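Pasted below: target_29.cif, mmCIF, C-alpha atoms.
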data_protein
#
loop_
_atom_site.label_atom_id
_atom_site.label_comp_id
_atom_site.auth_asym_id
_atom_site.auth_seq_id
_atom_site.Cartn_x
_atom_site.Cartn_y
_atom_site.Cartn_z
CA MET A 1 222.08 161.09 -309.18
CA ASN A 2 218.78 161.97 -310.82
CA ARG A 3 215.39 160.77 -309.66
CA THR A 4 215.02 158.05 -312.33
CA VAL A 5 218.42 156.50 -311.57
CA LYS A 6 217.63 156.53 -307.83
CA LYS A 7 214.41 154.56 -308.38
CA ILE A 8 216.24 151.95 -310.44
CA PHE A 9 218.99 151.69 -307.79
CA PHE A 10 216.59 151.16 -304.86
CA ARG A 11 214.46 148.65 -306.78
CA SER A 12 217.56 146.63 -307.69
CA THR A 13 218.75 146.70 -304.10
CA ALA A 14 215.35 145.47 -302.86
CA VAL A 15 215.35 142.61 -305.35
CA VAL A 16 218.84 141.57 -304.25
CA LEU A 17 217.84 141.65 -300.55
CA VAL A 18 214.67 139.59 -301.15
CA SER A 19 216.60 137.08 -303.24
CA PHE A 20 219.26 136.77 -300.54
CA THR A 21 216.61 136.21 -297.84
CA LEU A 22 214.84 133.51 -299.85
CA LEU A 23 218.16 131.81 -300.56
CA SER A 24 218.99 131.78 -296.85
CA VAL A 25 215.61 130.23 -295.99
CA ALA A 26 216.05 127.59 -298.68
CA VAL A 27 219.49 126.69 -297.34
CA ARG A 28 218.15 126.32 -293.80
CA LEU A 29 215.23 124.17 -294.96
CA SER A 30 217.55 122.01 -297.00
CA ARG A 31 219.85 121.55 -294.01
CA ALA A 32 216.89 120.68 -291.78
CA CYS A 33 215.65 118.09 -294.27
CA VAL A 34 219.08 116.47 -294.44
CA GLU A 35 219.41 116.42 -290.66
CA ASN A 36 215.95 114.83 -290.29
CA THR A 37 216.23 112.27 -293.06
CA GLN A 38 216.95 109.47 -290.60
CA ALA A 39 214.05 110.46 -288.34
CA ILE A 40 211.63 110.61 -291.28
CA SER A 41 212.80 107.23 -292.55
CA THR A 42 212.42 105.70 -289.09
CA MET A 43 208.85 107.00 -288.80
CA ALA A 44 207.90 105.67 -292.23
CA ALA A 45 209.40 102.28 -291.41
CA GLY A 46 207.21 102.10 -288.32
CA LEU A 47 204.01 102.20 -290.33
CA VAL A 48 202.48 98.83 -291.13
CA PHE A 49 199.80 97.96 -293.62
CA SER A 50 196.62 96.53 -292.09
CA GLU A 51 193.78 95.44 -294.37
CA GLY A 52 194.03 98.49 -296.57
CA ARG A 53 194.83 100.83 -293.68
CA ILE A 54 197.95 102.13 -292.04
CA SER A 55 198.67 101.53 -288.38
CA GLU A 56 201.39 103.10 -286.29
CA PRO A 57 202.44 100.68 -283.51
CA LYS A 58 202.56 102.05 -279.99
CA GLN A 59 205.78 102.23 -278.01
CA ARG A 60 206.28 98.82 -276.45
CA SER A 61 205.97 98.79 -272.67
CA GLU A 62 208.24 96.88 -270.31
CA SER A 63 205.50 94.30 -269.82
CA THR A 64 205.31 93.36 -273.52
CA ASN A 65 206.12 89.72 -274.17
CA LEU A 66 208.67 90.02 -276.96
CA ASP A 67 208.43 86.31 -277.72
CA THR A 68 204.91 86.87 -279.09
CA ILE A 69 205.96 89.53 -281.63
CA SER A 70 206.57 88.34 -285.17
CA THR A 71 209.19 90.45 -286.94
CA ASP A 72 208.84 88.57 -290.20
CA THR A 73 205.23 89.51 -290.92
CA THR A 74 205.73 93.09 -289.77
CA SER A 75 208.65 93.71 -292.12
CA GLU A 76 206.63 92.42 -295.05
CA LYS A 77 203.84 94.95 -294.36
CA ILE A 78 205.94 98.11 -294.49
CA ILE A 79 204.65 100.37 -297.27
CA ASP A 80 204.36 104.00 -298.24
CA ALA A 81 202.00 105.52 -295.66
CA GLU A 82 200.81 108.44 -297.75
CA SER A 83 199.65 106.36 -300.69
CA ALA A 84 197.98 103.76 -298.46
CA VAL A 85 195.61 105.90 -296.42
CA ASN A 86 194.73 108.35 -299.19
CA ASN A 87 194.48 111.18 -296.66
CA GLU A 88 191.90 109.35 -294.57
CA ARG A 89 190.93 110.73 -291.19
CA LYS A 90 192.44 109.08 -288.13
CA PHE A 91 190.35 108.39 -285.00
CA ASP A 92 191.20 107.57 -281.41
CA ILE A 93 190.97 104.25 -279.63
CA ILE A 94 190.16 104.66 -275.93
CA GLU A 95 191.69 101.82 -273.93
CA SER A 96 190.33 101.05 -270.48
CA LYS A 97 189.23 98.31 -268.11
CA TYR A 98 185.49 98.08 -267.44
CA THR A 99 184.48 96.20 -264.29
CA ALA A 100 182.39 98.23 -261.83
CA ALA A 101 178.81 98.68 -263.07
CA GLY A 102 175.48 97.34 -261.93
CA THR A 103 175.29 95.17 -258.81
CA GLY A 104 178.53 94.15 -257.15
CA TYR A 105 178.78 90.67 -255.63
CA ASP A 106 181.96 89.13 -254.25
CA ASN A 107 184.62 89.84 -256.92
CA PHE A 108 182.37 90.68 -259.91
CA TYR A 109 179.42 92.74 -261.14
CA VAL A 110 176.06 91.96 -262.75
CA LYS A 111 174.09 94.38 -264.90
CA ASN A 112 170.44 93.33 -264.58
CA THR A 113 168.14 94.92 -267.17
CA ALA A 114 165.68 92.02 -267.10
CA SER A 115 162.12 92.05 -265.79
CA ALA A 116 163.03 89.41 -263.18
CA ASN A 117 164.75 89.84 -259.84
CA ILE A 118 167.57 87.40 -259.11
CA ASN A 119 169.34 86.12 -256.00
CA ILE A 120 172.99 86.03 -257.07
CA GLY A 121 174.27 84.30 -253.93
CA GLU A 122 171.63 81.57 -254.07
CA LEU A 123 172.28 80.85 -257.74
CA LEU A 124 176.04 80.74 -257.23
CA ASN A 125 175.75 78.22 -254.42
CA ALA A 126 173.35 75.97 -256.34
CA LYS A 127 174.78 72.96 -258.18
CA LEU A 128 174.91 72.86 -261.97
CA GLU A 129 172.83 70.23 -263.76
CA PHE A 130 175.87 69.15 -265.78
CA SER A 131 179.61 68.60 -265.33
CA ALA A 132 182.65 67.40 -267.25
CA LYS A 133 182.64 63.65 -267.72
CA ASP A 134 185.58 61.37 -268.33
CA THR A 135 184.57 60.47 -271.85
CA SER A 136 185.70 60.92 -275.44
CA ASP A 137 182.24 62.20 -276.37
CA PRO A 138 182.02 65.96 -277.05
CA GLN A 139 180.70 68.00 -274.13
CA VAL A 140 181.15 71.54 -275.46
CA LEU A 141 179.95 73.07 -278.71
CA ILE A 142 181.40 76.38 -279.94
CA VAL A 143 179.61 78.30 -282.70
CA HIS A 144 179.68 81.83 -284.12
CA THR A 145 176.41 83.46 -285.16
CA HIS A 146 178.28 86.51 -286.48
CA THR A 147 181.31 84.67 -287.78
CA THR A 148 182.91 87.53 -289.74
CA GLU A 149 183.30 89.78 -286.69
CA ALA A 150 187.03 90.57 -286.70
CA TYR A 151 189.72 92.49 -284.85
CA MET A 152 192.51 95.00 -285.42
CA ASP A 153 195.71 93.56 -286.88
CA THR A 154 197.88 95.58 -284.51
CA ASP A 155 197.75 97.37 -281.18
CA ALA A 156 197.97 100.75 -282.90
CA GLY A 157 196.09 103.14 -280.64
CA PHE A 158 194.02 104.55 -283.50
CA TYR A 159 192.05 103.52 -286.58
CA TYR A 160 191.17 104.99 -289.99
CA GLU A 161 187.66 105.73 -291.22
CA SER A 162 187.70 102.86 -293.73
CA TYR A 163 188.11 100.33 -290.88
CA THR A 164 185.19 97.88 -290.91
CA ALA A 165 186.23 95.06 -288.53
CA ARG A 166 184.69 92.40 -290.77
CA SER A 167 186.60 89.56 -292.38
CA ASP A 168 185.78 86.29 -294.13
CA ASP A 169 189.27 85.09 -293.21
CA ASP A 170 188.97 82.78 -290.20
CA ASN A 171 192.52 83.66 -289.21
CA LYS A 172 191.34 87.23 -288.49
CA ASN A 173 187.82 86.88 -287.12
CA VAL A 174 186.15 85.33 -284.05
CA VAL A 175 186.82 81.82 -285.36
CA SER A 176 190.41 82.27 -284.18
CA VAL A 177 189.13 82.97 -280.68
CA GLY A 178 186.86 79.92 -280.79
CA GLU A 179 189.81 77.80 -281.87
CA ALA A 180 191.87 79.05 -278.92
CA ILE A 181 189.05 78.12 -276.53
CA ALA A 182 188.68 74.68 -278.11
CA ASN A 183 192.41 73.93 -277.99
CA GLN A 184 192.61 74.83 -274.30
CA LEU A 185 189.60 72.63 -273.50
CA LEU A 186 191.23 69.72 -275.29
CA LEU A 187 194.42 70.26 -273.29
CA MET A 188 192.30 70.09 -270.14
CA GLY A 189 190.77 66.78 -271.23
CA ILE A 190 187.37 68.10 -272.36
CA ASN A 191 186.24 67.10 -275.84
CA VAL A 192 184.77 69.87 -277.96
CA ILE A 193 183.21 70.56 -281.34
CA HIS A 194 184.09 73.88 -282.93
CA ASP A 195 181.72 74.64 -285.78
CA LYS A 196 183.18 77.31 -288.08
CA THR A 197 180.14 77.82 -290.30
CA HIS A 198 179.66 81.44 -291.45
CA HIS A 199 176.12 82.07 -290.26
CA ASP A 200 176.18 85.77 -291.17
CA ALA A 201 176.46 84.95 -294.85
CA PRO A 202 174.83 86.21 -297.01
CA GLY A 203 173.98 88.82 -294.33
CA TYR A 204 173.09 89.49 -290.69
CA ASN A 205 169.37 88.96 -291.26
CA GLY A 206 168.61 85.37 -290.35
CA SER A 207 171.99 84.76 -288.67
CA TYR A 208 170.47 83.47 -285.43
CA ASP A 209 168.05 81.21 -287.28
CA ARG A 210 170.92 79.68 -289.22
CA SER A 211 173.13 79.24 -286.16
CA MET A 212 170.23 77.63 -284.25
CA GLU A 213 169.91 75.07 -287.04
CA THR A 214 173.60 74.28 -286.64
CA ILE A 215 173.27 74.00 -282.84
CA GLU A 216 170.23 71.72 -283.01
CA LYS A 217 171.97 69.46 -285.55
CA HIS A 218 174.96 68.97 -283.25
CA LEU A 219 172.82 68.46 -280.15
CA GLU A 220 170.79 65.80 -281.96
CA GLU A 221 173.92 64.03 -283.20
CA ASN A 222 175.80 64.44 -279.90
CA PRO A 223 173.47 64.29 -276.87
CA SER A 224 176.59 64.40 -274.64
CA ILE A 225 176.99 68.14 -275.34
CA CYS A 226 176.06 70.12 -272.22
CA VAL A 227 177.57 73.52 -273.03
CA VAL A 228 176.95 75.70 -276.10
CA LEU A 229 179.02 78.87 -276.44
CA ASP A 230 178.20 81.44 -279.12
CA ILE A 231 181.41 83.50 -279.35
CA HIS A 232 181.07 87.07 -280.63
CA ARG A 233 183.06 90.30 -280.76
CA ASP A 234 181.45 93.45 -279.36
CA ALA A 235 181.56 97.02 -280.74
CA LEU A 236 181.69 99.97 -278.36
CA ILE A 237 181.47 103.53 -279.65
CA ALA A 238 182.65 106.37 -277.39
CA ASN A 239 181.60 109.15 -279.77
CA ASP A 240 182.00 110.17 -283.42
CA GLU A 241 185.76 110.46 -282.90
CA ALA A 242 186.63 107.35 -280.88
CA ILE A 243 185.91 103.66 -280.24
CA ILE A 244 186.48 101.75 -276.99
CA LYS A 245 188.96 98.96 -276.33
CA PRO A 246 188.50 97.00 -273.06
CA THR A 247 191.66 95.26 -271.84
CA PHE A 248 193.24 93.61 -268.82
CA THR A 249 196.68 92.10 -268.24
CA VAL A 250 197.77 88.58 -267.35
CA ASN A 251 201.42 87.65 -266.81
CA GLY A 252 202.50 90.96 -268.32
CA ARG A 253 200.52 90.35 -271.50
CA LYS A 254 197.52 92.38 -272.63
CA ALA A 255 194.22 90.59 -273.28
CA ALA A 256 190.68 91.54 -274.32
CA GLN A 257 187.99 91.72 -271.66
CA ILE A 258 184.92 89.52 -272.06
CA MET A 259 181.23 90.13 -271.47
CA ILE A 260 179.10 87.10 -270.60
CA MET A 261 175.46 87.45 -271.63
CA SER A 262 172.64 85.45 -270.05
CA GLY A 263 169.02 85.78 -271.13
CA CYS A 264 165.72 85.83 -269.31
CA ASP A 265 162.18 84.70 -270.19
CA SER A 266 160.23 85.45 -267.03
CA GLU A 267 156.93 85.58 -268.95
CA GLY A 268 157.53 82.21 -270.60
CA VAL A 269 156.89 83.46 -274.12
CA ASN A 270 160.12 82.25 -275.79
CA GLY A 271 160.21 78.61 -274.70
CA PHE A 272 163.02 79.44 -272.32
CA SER A 273 161.62 78.34 -268.97
CA PHE A 274 165.01 77.11 -267.73
CA TRP A 275 166.75 80.49 -268.01
CA GLU A 276 167.78 80.39 -264.34
CA GLU A 277 169.94 77.34 -265.05
CA ASN A 278 171.78 79.23 -267.77
CA LEU A 279 172.21 82.21 -265.45
CA LYS A 280 173.59 79.93 -262.74
CA PHE A 281 176.22 78.71 -265.21
CA ALA A 282 177.00 82.27 -266.31
CA LEU A 283 177.51 83.45 -262.74
CA LYS A 284 179.89 80.58 -261.98
CA LEU A 285 181.91 81.39 -265.11
CA GLN A 286 182.00 85.07 -264.16
CA LYS A 287 183.26 84.40 -260.64
CA LYS A 288 185.85 81.85 -261.73
CA ALA A 289 187.18 84.18 -264.43
CA GLU A 290 187.66 87.01 -261.93
CA THR A 291 189.23 84.62 -259.42
CA LEU A 292 191.78 83.28 -261.89
CA TYR A 293 192.32 86.45 -263.92
CA PRO A 294 191.22 89.64 -262.11
CA GLY A 295 189.84 92.22 -264.54
CA MET A 296 188.95 89.66 -267.20
CA THR A 297 185.21 90.36 -267.20
CA ARG A 298 183.01 93.31 -267.91
CA PRO A 299 179.78 93.18 -265.85
CA LEU A 300 177.68 90.11 -266.65
CA TYR A 301 174.79 91.27 -268.84
CA PHE A 302 171.45 89.75 -267.79
CA GLY A 303 168.43 90.87 -269.80
CA ASP A 304 165.15 90.03 -271.51
CA PHE A 305 166.58 88.32 -274.58
CA THR A 306 167.14 84.78 -275.82
CA TYR A 307 169.76 84.77 -278.63
CA ASN A 308 169.54 80.94 -278.97
CA MET A 309 170.26 80.42 -275.25
CA ASN A 310 167.14 78.25 -275.15
CA ALA A 311 169.11 75.50 -276.91
CA ASN A 312 169.98 73.87 -273.57
CA THR A 313 170.72 74.73 -269.93
CA GLY A 314 174.39 75.50 -270.69
CA SER A 315 173.95 77.95 -273.58
CA LEU A 316 175.57 81.38 -273.31
CA LEU A 317 176.66 84.21 -275.58
CA ILE A 318 180.11 85.64 -274.83
CA GLU A 319 181.52 88.82 -276.34
CA VAL A 320 185.33 88.64 -276.52
CA GLY A 321 186.75 92.15 -276.80
CA THR A 322 185.53 94.80 -279.23
CA HIS A 323 186.41 95.91 -282.75
CA ALA A 324 189.19 98.01 -281.21
CA ASN A 325 191.04 95.05 -279.69
CA SER A 326 193.87 93.38 -281.55
CA LEU A 327 193.59 89.79 -282.76
CA ASP A 328 196.47 88.80 -280.49
CA GLU A 329 194.64 90.16 -277.43
CA ALA A 330 191.41 88.35 -278.35
CA VAL A 331 193.09 85.01 -279.06
CA TYR A 332 194.99 85.17 -275.76
CA THR A 333 191.67 85.75 -274.00
CA GLY A 334 190.27 82.70 -275.80
CA LYS A 335 192.97 80.56 -274.24
CA LEU A 336 192.25 81.98 -270.78
CA LEU A 337 188.50 81.50 -271.24
CA GLY A 338 189.06 77.87 -272.18
CA ASN A 339 190.85 77.34 -268.90
CA VAL A 340 188.09 79.09 -266.94
CA LEU A 341 185.40 76.96 -268.57
CA ALA A 342 187.33 73.72 -268.01
CA GLN A 343 187.72 74.42 -264.29
CA VAL A 344 184.05 75.31 -263.84
CA LEU A 345 183.01 72.08 -265.55
CA LYS A 346 185.45 69.96 -263.54
CA GLU A 347 184.31 71.50 -260.26
CA ALA A 348 180.58 71.10 -261.00
#

Could you render the structure as structure tokens?
Amino acid sequence: MNRTVKKIFFRSTAVVLVSFTLLSVAVRLSRACVENTQAISTMAAGLVFSEGRISEPKQRSESTNLDTISTDTTSEKIIDAESAVNNERKFDIIESKYTAAGTGYDNFYVKNTASANINIGELLNAKLEFSAKDTSDPQVLIVHTHTTEAYMDTDAGFYYESYTARSDDDNKNVVSVGEAIANQLLLMGINVIHDKTHHDAPGYNGSYDRSMETIEKHLEENPSICVVLDIHRDALIANDEAIIKPTFTVNGRKAAQIMIMSGCDSEGVNGFSFWEENLKFALKLQKKAETLYPGMTRPLYFGDFTYNMNANTGSLLIEVGTHANSLDEAVYTGKLLGNVLAQVLKEA
């Protein structure tokens, strides 16, 4: 065999070997795809559409209340994951329970950043200036200064970068939490007004001025109101890659932790001379919440701010969960908070 023929022979043999190798790889890949078709389909079916984002539900734990899960709405949200997220980045949600910070007293904590020193025990033992009365007149007013603050649709464990946690839909924002509080108060025999005005429209600037106008209108029309709750949703950032979700569990069901805020005006510059009365009320709520539902509260936040708490002696701002909590968790907390408030008022 001459040199030219040998070259042709070896080149042909090499081509045949490469072709055979590629064919074998293709066959194995094809077989793998066929064998994993069911797994891939199952994964895709587990992705649900959430306000323009995709969420992958966590594995349900043994403590999950299956009666609270709606299969109808979930099945309607199944879509193609790849086309929905448009290759968006996915970020972590860090879930934890936050209780021990600041000054510990009895079964709860207080974070005091104010310029005034306080005697927690003395304030707790002091009697409130108001209580629940056996009357059809409203005694509690619920408002939302930042009404469009919303929650996650699902308990997914992560979020996408387009997630904004704002919604004009009252079925998705803090109004739903306020409604849960109001309904529980009514069940406990306490009449309530739940004002659903969107005070953060057209924007956050001026929100507190607008909500104060609403509060003053109701107080003038209903002098029987002794408690004003401004219900918000907090936002906690761990770092550039994660946000924080505070939770606790009641009867095997996950709920969003709350943070009660009480303001101080020790210098008397904000027309809030009765701030100690509000703090007294806040402390009683904090203790009752931890007594009924251990882990429900983050440390009570006491600081040099007003946030419309100078409306009356029973005015407080309460953050229910964060933008990482699910709507279901926040609404469940609203129901629990309504029960806490009702018992504090009845015991006063």

Exercise. Carefully work through the PyMOL selection byres ((chain A and resi 137) around 7) for this structure and note down the residues it includes, as JSON, numbers by chain.
Key: {"A": [135, 136, 138, 139, 191, 224]}

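Residues in contact with stretch 340-346 of chain A at up to 6 Å, not including ones fewer than 2 positions away on its chain and judged by all atoms listed in the file, are A:Ser131, A:Ala132, A:Ala289, A:Leu337, A:Gly338, A:Ala348.
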
Quiz prompt | Test item: the PyMOL selection byres ((chain A and resi 147) around 7) resolved as a PyMOL selection string | solution = chain A and resi 144-146+148-149+173-175+198-200

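Pairwise distance (atom CA of A:Ala311, atom CA of A:Gly121) equals 25.1 Å.
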
Quiz prompt | Explicit residue set for the PyMOL selection byres ((chain A and resi 310) around 10), as a ChimeraX atom specification | solution = /A:212,263-265,270-275,278,306-309,311-316

Could you work out an axis-aligned box for stretch 295-314 of chain A, taking every atom the file lists and adding 6 Å on each side, and report centre and edge lengths in Å to one decimal, as lines of an AutoDock Vina configuration file?
center_x = 177.5
center_y = 83.6
center_z = -271.8
size_x = 36.7
size_y = 31.4
size_z = 26.4
